[in-house]
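Content type mmCIF, C-alpha atoms and all ligand atoms, from the file query15.cif:
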data_input
#
loop_
_atom_site.label_atom_id
_atom_site.label_comp_id
_atom_site.auth_asym_id
_atom_site.auth_seq_id
_atom_site.Cartn_x
_atom_site.Cartn_y
_atom_site.Cartn_z
CA MET T 1 44.57 -43.88 26.23
CA ILE T 2 42.18 -45.97 24.10
CA LYS T 3 39.96 -48.69 25.46
CA LEU T 4 37.35 -50.59 23.49
CA GLN T 5 35.20 -52.83 25.66
CA ALA T 6 33.02 -55.49 24.03
CA ILE T 7 32.38 -53.31 20.98
CA SER T 8 30.05 -54.39 18.22
CA LYS T 9 28.85 -52.23 15.37
CA TYR T 10 26.04 -53.27 13.06
CA TYR T 11 24.93 -51.50 9.91
CA GLY T 12 21.50 -53.04 9.58
CA PRO T 13 22.12 -56.79 9.60
CA VAL T 14 25.82 -56.38 8.69
CA ALA T 15 28.28 -56.62 11.58
CA ALA T 16 31.22 -54.32 10.80
CA ILE T 17 32.76 -54.98 14.26
CA LYS T 18 32.10 -58.09 16.33
CA ASP T 19 32.70 -57.97 20.07
CA ILE T 20 36.13 -56.34 20.07
CA ASN T 21 38.23 -55.61 23.15
CA LEU T 22 41.31 -53.46 22.67
CA HIS T 23 43.56 -51.46 24.94
CA ILE T 24 46.17 -48.99 23.68
CA GLN T 25 48.37 -47.41 26.33
CA LYS T 26 49.49 -43.82 26.50
CA GLY T 27 52.59 -43.31 24.38
CA GLU T 28 52.11 -46.35 22.13
CA PHE T 29 52.37 -46.45 18.34
CA ALA T 30 50.00 -49.06 16.91
CA PHE T 31 48.95 -50.11 13.43
CA LEU T 32 45.44 -51.32 12.72
CA VAL T 33 45.74 -53.53 9.65
CA GLY T 34 43.61 -55.89 7.64
CA PRO T 35 41.92 -56.28 4.26
CA SER T 36 39.34 -53.91 2.86
CA GLY T 37 36.06 -54.27 4.75
CA ALA T 38 37.79 -55.62 7.90
CA GLY T 39 36.38 -52.79 10.05
CA LYS T 40 39.39 -50.47 10.39
CA SER T 41 37.59 -47.26 9.42
CA THR T 42 34.65 -48.19 11.60
CA ILE T 43 36.94 -48.36 14.64
CA MET T 44 38.43 -44.98 13.73
CA ARG T 45 34.97 -43.45 13.32
CA LEU T 46 33.90 -44.85 16.70
CA LEU T 47 36.93 -43.20 18.31
CA TYR T 48 36.10 -39.72 17.06
CA ARG T 49 32.41 -40.27 17.56
CA GLU T 50 31.43 -40.13 13.93
CA GLU T 51 29.56 -43.37 14.71
CA LEU T 52 28.12 -44.89 17.86
CA PRO T 53 28.71 -48.56 18.73
CA THR T 54 25.70 -50.87 18.70
CA THR T 55 26.98 -52.37 21.96
CA GLY T 56 29.98 -51.78 24.21
CA ASN T 57 32.01 -48.84 25.45
CA VAL T 58 34.66 -46.68 23.80
CA TYR T 59 37.03 -44.71 26.00
CA VAL T 60 39.52 -42.07 24.89
CA GLY T 61 41.47 -41.07 27.97
CA ARG T 62 38.81 -40.60 30.59
CA ILE T 63 36.11 -39.73 28.08
CA ASP T 64 33.39 -42.33 27.60
CA VAL T 65 33.00 -41.57 23.90
CA SER T 66 29.84 -43.57 23.38
CA ARG T 67 28.06 -41.84 26.27
CA ILE T 68 28.89 -38.16 25.79
CA ARG T 69 26.29 -35.71 24.56
CA LYS T 70 26.50 -34.27 21.05
CA SER T 71 27.44 -30.91 22.53
CA GLU T 72 30.55 -32.54 24.05
CA ILE T 73 31.88 -33.90 20.74
CA PRO T 74 34.00 -30.79 20.02
CA HIS T 75 35.68 -31.25 23.43
CA LEU T 76 36.48 -34.88 22.52
CA ARG T 77 37.93 -33.86 19.15
CA ARG T 78 40.19 -31.30 20.77
CA ARG T 79 41.78 -34.20 22.65
CA MET T 80 42.74 -35.99 19.43
CA GLY T 81 44.28 -35.12 16.10
CA ILE T 82 42.69 -36.83 13.11
CA VAL T 83 44.50 -37.46 9.82
CA PHE T 84 42.52 -38.57 6.75
CA GLN T 85 43.44 -40.44 3.59
CA ASP T 86 42.12 -37.61 1.41
CA PHE T 87 43.71 -34.88 3.59
CA LYS T 88 40.48 -32.83 3.87
CA LEU T 89 42.24 -29.49 3.39
CA LEU T 90 40.70 -26.19 2.33
CA SER T 91 42.13 -26.01 -1.19
CA LYS T 92 41.98 -22.22 -1.62
CA GLN T 93 43.47 -21.35 1.78
CA SER T 94 47.15 -21.18 2.64
CA CYS T 95 48.86 -23.95 4.61
CA PHE T 96 49.09 -21.52 7.50
CA ASP T 97 45.35 -20.88 7.47
CA ASN T 98 44.54 -24.57 7.09
CA VAL T 99 46.47 -25.32 10.26
CA ALA T 100 45.31 -22.17 12.08
CA TYR T 101 41.62 -22.83 11.40
CA VAL T 102 41.19 -25.29 14.27
CA ILE T 103 42.75 -23.16 16.97
CA ARG T 104 41.30 -19.86 15.76
CA ALA T 105 37.91 -21.44 16.33
CA LEU T 106 38.93 -21.91 19.98
CA GLY T 107 39.31 -18.17 20.39
CA MET T 108 43.08 -18.18 20.83
CA SER T 109 44.88 -14.85 20.43
CA PRO T 110 46.46 -14.14 17.01
CA SER T 111 50.00 -14.19 18.45
CA GLU T 112 49.40 -17.54 20.16
CA VAL T 113 47.84 -18.91 16.94
CA GLU T 114 50.88 -17.80 14.96
CA LYS T 115 53.31 -19.33 17.43
CA ARG T 116 51.54 -22.68 17.45
CA VAL T 117 50.97 -22.89 13.69
CA LEU T 118 54.60 -22.09 12.90
CA MET T 119 55.71 -24.72 15.42
CA ALA T 120 53.40 -27.36 13.88
CA LEU T 121 54.56 -26.51 10.35
CA LYS T 122 58.15 -26.74 11.55
CA VAL T 123 57.56 -30.23 12.98
CA VAL T 124 56.29 -31.44 9.59
CA GLY T 125 59.07 -29.63 7.68
CA LEU T 126 56.84 -27.16 5.82
CA LEU T 127 57.66 -23.77 7.31
CA ASP T 128 58.80 -22.49 3.91
CA LYS T 129 55.48 -23.52 2.30
CA ARG T 130 53.27 -21.74 4.81
CA LYS T 131 51.94 -19.28 2.25
CA SER T 132 51.28 -21.90 -0.45
CA THR T 133 47.84 -23.38 -0.97
CA PRO T 134 47.33 -27.16 -0.98
CA GLU T 135 46.82 -27.01 -4.77
CA GLU T 136 50.45 -25.90 -5.10
CA LEU T 137 51.77 -28.82 -3.06
CA SER T 138 52.54 -32.49 -3.74
CA GLY T 139 50.36 -35.19 -2.16
CA GLY T 140 52.99 -35.90 0.48
CA GLU T 141 53.22 -32.20 1.37
CA GLN T 142 49.44 -31.97 1.60
CA GLN T 143 49.43 -34.85 4.04
CA ARG T 144 52.11 -33.07 6.08
CA VAL T 145 49.77 -30.08 6.32
CA GLY T 146 47.05 -32.49 7.47
CA ILE T 147 49.39 -33.78 10.16
CA ALA T 148 50.37 -30.25 11.24
CA ARG T 149 46.66 -29.43 11.59
CA ALA T 150 46.18 -32.59 13.66
CA ILE T 151 48.94 -31.74 16.15
CA VAL T 152 48.61 -27.95 16.36
CA ASN T 153 46.47 -28.09 19.47
CA GLY T 154 48.89 -30.45 21.25
CA PRO T 155 46.56 -33.48 21.50
CA PRO T 156 47.61 -36.54 23.54
CA LEU T 157 46.33 -38.83 20.74
CA LEU T 158 46.69 -38.84 16.97
CA ILE T 159 44.63 -41.19 14.81
CA ALA T 160 45.29 -41.58 11.11
CA ASP T 161 42.90 -43.49 8.83
CA GLU T 162 44.84 -44.80 5.79
CA PRO T 163 47.08 -41.70 5.80
CA THR T 164 49.23 -42.99 2.94
CA GLY T 165 46.42 -44.44 0.82
CA ASN T 166 46.86 -41.74 -1.84
CA LEU T 167 50.66 -41.59 -1.78
CA ASP T 168 53.51 -43.37 -3.60
CA PRO T 169 55.69 -45.82 -1.62
CA GLU T 170 58.59 -43.46 -0.96
CA THR T 171 56.37 -40.61 0.20
CA SER T 172 54.38 -43.06 2.32
CA SER T 173 57.54 -44.13 4.06
CA ASP T 174 58.43 -40.48 4.80
CA ILE T 175 54.98 -39.83 6.23
CA MET T 176 55.24 -42.86 8.54
CA THR T 177 58.65 -41.70 9.71
CA LEU T 178 57.08 -38.34 10.54
CA LEU T 179 54.28 -40.05 12.50
CA ASP T 180 56.93 -42.03 14.37
CA GLN T 181 58.76 -38.78 15.25
CA ILE T 182 55.50 -37.33 16.50
CA ASN T 183 54.99 -40.44 18.64
CA GLN T 184 58.46 -39.91 20.08
CA ARG T 185 57.27 -36.52 21.30
CA GLY T 186 54.92 -38.44 23.58
CA ILE T 187 51.74 -38.48 21.45
CA THR T 188 49.92 -41.82 21.26
CA VAL T 189 49.51 -42.78 17.59
CA LEU T 190 47.05 -45.19 15.97
CA VAL T 191 47.34 -45.69 12.20
CA SER T 192 45.03 -47.80 10.04
CA THR T 193 46.58 -49.10 6.85
CA HIS T 194 46.68 -52.00 4.44
CA ASP T 195 50.21 -51.15 3.33
CA LYS T 196 52.25 -54.23 4.29
CA ILE T 197 55.62 -52.87 3.20
CA ILE T 198 55.38 -49.89 5.51
CA VAL T 199 54.09 -51.87 8.47
CA ASN T 200 56.92 -54.34 8.06
CA GLN T 201 59.48 -51.52 7.91
CA MET T 202 58.32 -49.92 11.14
CA ARG T 203 58.21 -52.88 13.58
CA LYS T 204 55.49 -51.51 15.81
CA ARG T 205 52.46 -53.02 17.49
CA VAL T 206 50.32 -54.58 14.75
CA ILE T 207 46.64 -55.25 15.42
CA TYR T 208 45.26 -57.40 12.63
CA LEU T 209 41.56 -57.20 11.97
CA ASP T 210 39.54 -59.47 9.69
CA GLY T 211 35.78 -59.75 9.36
CA GLY T 212 35.26 -57.32 12.24
CA LYS T 213 37.36 -59.33 14.70
CA ILE T 214 40.90 -58.98 16.04
CA VAL T 215 42.74 -61.99 14.64
CA SER T 216 46.15 -61.14 16.06
CA ASP T 217 47.84 -58.42 18.09
CA MET T 218 51.64 -58.38 18.18
CA TYR T 219 54.26 -56.03 19.54
CA ASP T 220 57.23 -55.51 17.22
CA GLY T 221 54.89 -57.09 14.71
CA THR T 222 54.70 -57.68 10.99
CA TYR T 223 51.86 -57.82 8.51
CA ASP T 224 52.14 -61.17 6.77
CA PHE T 225 48.50 -62.22 6.47
CA GLU T 226 46.31 -62.62 3.34
P1 LIG N 1 37.86 -51.10 6.35
O1 LIG N 1 38.13 -49.72 6.82
O2 LIG N 1 38.70 -52.13 7.05
O3 LIG N 1 37.94 -51.24 4.86
P2 LIG N 1 35.11 -50.56 7.14
O4 LIG N 1 35.16 -50.25 8.57
O5 LIG N 1 35.01 -49.42 6.16
O6 LIG N 1 36.36 -51.49 6.75
O7 LIG N 1 33.88 -51.52 6.84
C1 LIG N 1 33.59 -52.71 7.60
C2 LIG N 1 32.28 -53.31 7.11
O8 LIG N 1 31.19 -52.46 7.43
C3 LIG N 1 32.21 -53.54 5.62
O9 LIG N 1 31.48 -54.73 5.41
C4 LIG N 1 31.44 -52.35 5.13
O10 LIG N 1 30.77 -52.64 3.94
C5 LIG N 1 30.49 -52.08 6.27
N1 LIG N 1 30.14 -50.65 6.40
C6 LIG N 1 30.99 -49.65 6.75
N2 LIG N 1 30.35 -48.46 6.79
C7 LIG N 1 29.04 -48.72 6.47
C8 LIG N 1 27.87 -47.92 6.35
N3 LIG N 1 27.90 -46.59 6.58
N4 LIG N 1 26.71 -48.53 5.99
C9 LIG N 1 26.69 -49.87 5.77
N5 LIG N 1 27.74 -50.68 5.87
C10 LIG N 1 28.92 -50.12 6.21
#
Step by step, read the file and then write its structure as structure tokens.
Ligand code: ADP
Amino acid sequence: MIKLQAISKYYGPVAAIKDINLHIQKGEFAFLVGPSGAGKSTIMRLLYREELPTTGNVYVGRIDVSRIRKSEIPHLRRRMGIVFQDFKLLSKQSCFDNVAYVIRALGMSPSEVEKRVLMALKVVGLLDKRKSTPEELSGGEQQRVGIARAIVNGPPLLIADEPTGNLDPETSSDIMTLLDQINQRGITVLVSTHDKIIVNQMRKRVIYLDGGKIVSDMYDGTYDFE
């Protein structure tokens, strides 16, 4: 589902990523962990083509992300749901509209939009809040809306960059449980985080990054470094 081949990314003279190879299979749940500045966000941004690698190839499914034209980026992003630390919701719009926005833009019929949005809000446990705006919700609920938006189009891959960075420990744990449930529906999930407690609770694949390099990669792993 994800393949990074000999990826390096330089910002001027600074190497954010140094010659990384990584393969994540369809259906996996993997954590990308490591200290601040390790290169986690850079990898995420390479996957959704917010950045281009300096060298190497990035594949998402069969898409060669580093080679596609700009006009093909929307097609790539329809193949993946993206969850952000700061949620990136439209604060004045209802939860329903926040989730519907993506698929309305695809020209789907109103009845199909409604069906899919209600299903996505049901998965994240927020059907009863569909008319509320993000401003009326807790941080954890806002992140659930972000997750509903990410899955509404039925993507095969979900990537989440520090999804619990703004949440308290208990809420963070609930959000990870939700991501795990989404993975059990067959969606490949990649989560970047520096939250050791959560990673150690979940016992998933743990890819540890430091200084732009993969230092360890363990299945049923823990996060004990630093
Ligand atoms: P993490 O997500 O693990 O905290 P990042 O991927 O954000 O790490 O950053 C990795 C390295 O690349 C850091 O040294 C950071 O300062 C540098 N970096 C990231 N983005 C940029 C940028 N847009 N311009 C210059 N340097 C950057």
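As for atom CA of Ile17 of chain T and atom CA of Val83 of chain T, they are spaced 21.6 Å apart.
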Next item on the list: Return as a count of residues only every polymer residue, whether protein, DNA or RNA, with at least one atom no more than 8 Å from an atom of ligand LIG 1 (chain N); count only C-alpha atoms and all ligand atoms.
Entry: 23
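All residues of protein, DNA or RNA that reach within 9 Å of segment 118-129 of chain T, judged by only C-alpha atoms and not counting those fewer than 2 positions away in the chain, are T:Ser94, T:Cys95, T:Phe96, T:Val99, T:Val113, T:Glu114, T:Lys115, T:Arg116, T:Lys131, T:Ser132, T:Thr133, T:Leu137, T:Glu141, T:Arg144, T:Val145, T:Ile147, T:Ala148, T:Arg149, T:Ala150, T:Ile151, T:Val152, T:Asn153, T:Leu178, T:Gln181, T:Ile182.
Between atom CA of Ile187 of chain T and atom CA of Phe225 of chain T lies a distance of 28.3 Å.
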Check: Quick one: residues within 7 Å of Asn200 of chain T, only C-alpha atoms counted, chain neighbours fewer than 3 positions away excluded, as a ChimeraX atom specification?
Finding: /T:196-197,203,222-223
Checklist line | Distance query segment 44-52 of chain T at most 10 Å, all atoms listed in the file, self and fewer than 3 positions along chain excluded, as a PyMOL selection string | finding: chain T and resi 2-4+7-10+32+39-41+55-60+64-68+70+73-74+76-77+79-82+159-161+190-192
Notebook entry, point to check: Need the neighbours of (33.5, -59.5, 23.4): which residues are at most 7 Å away, counting only C-alpha atoms, as a PyMOL selection string?
Noted result: chain T and resi 6-7+19-21
Next item on the list: Measure the distance from atom CA of Met1 of chain T to atom CA of Gln184 of chain T in Å and round it to one decimal.
Entry: 15.7 Å
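Shortest atom-to-atom contact with Met202 of chain T among T:Leu167, T:Val189, T:Ile24, T:Met176: T:Met176, counting all atoms listed in the file.
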Notebook entry, point to check: Taking all atoms listed in the file into account, which of T:Gln5, T:Ser91, T:Ser172, T:Ser109 comes nearest Pro53 of chain T?
Noted result: T:Gln5
Item checked: Shortest interatomic distance to Met218 of chain T - which of T:Asp174, T:Val206, T:Gly186, T:Asp86, counting only C-alpha atoms -> T:Val206
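Around Gly140 of chain T, within 10 Å and counting all atoms listed in the file, the residues found are Phe87, Gly146, Pro163, Thr164, Asn166, Leu167, Asp168, Glu170, Thr171, Ser172, Asp174 and Ile175 of chain T, once anything fewer than 6 positions away on its own chain is removed.
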Please produce a file of those selected residues containing C-alpha atoms, as a PDB file, keeping the file's coordinate frame.
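Resulting contents of selection-v6.pdb:
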ATOM      1  CA  PHE T  87      43.710 -34.880   3.590  1.00  0.00           C
ATOM      2  CA  GLY T 146      47.050 -32.490   7.470  1.00  0.00           C
ATOM      3  CA  PRO T 163      47.080 -41.700   5.800  1.00  0.00           C
ATOM      4  CA  THR T 164      49.230 -42.990   2.940  1.00  0.00           C
ATOM      5  CA  ASN T 166      46.860 -41.740  -1.840  1.00  0.00           C
ATOM      6  CA  LEU T 167      50.660 -41.590  -1.780  1.00  0.00           C
ATOM      7  CA  ASP T 168      53.510 -43.370  -3.600  1.00  0.00           C
ATOM      8  CA  GLU T 170      58.590 -43.460  -0.960  1.00  0.00           C
ATOM      9  CA  THR T 171      56.370 -40.610   0.200  1.00  0.00           C
ATOM     10  CA  SER T 172      54.380 -43.060   2.320  1.00  0.00           C
ATOM     11  CA  ASP T 174      58.430 -40.480   4.800  1.00  0.00           C
ATOM     12  CA  ILE T 175      54.980 -39.830   6.230  1.00  0.00           C
TER      13      ILE T 175
END
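Of the residues under consideration (T:Gln85, T:Thr188, T:Gln142, T:Thr193), T:Thr193 shows the shortest atom-to-atom contact distance to Phe31 of chain T when counting only C-alpha atoms.
Shortest atom-to-atom contact with Ser173 of chain T among T:Ile198, T:Asp224, T:Pro156, T:Gln143: T:Ile198, counting all atoms listed in the file.
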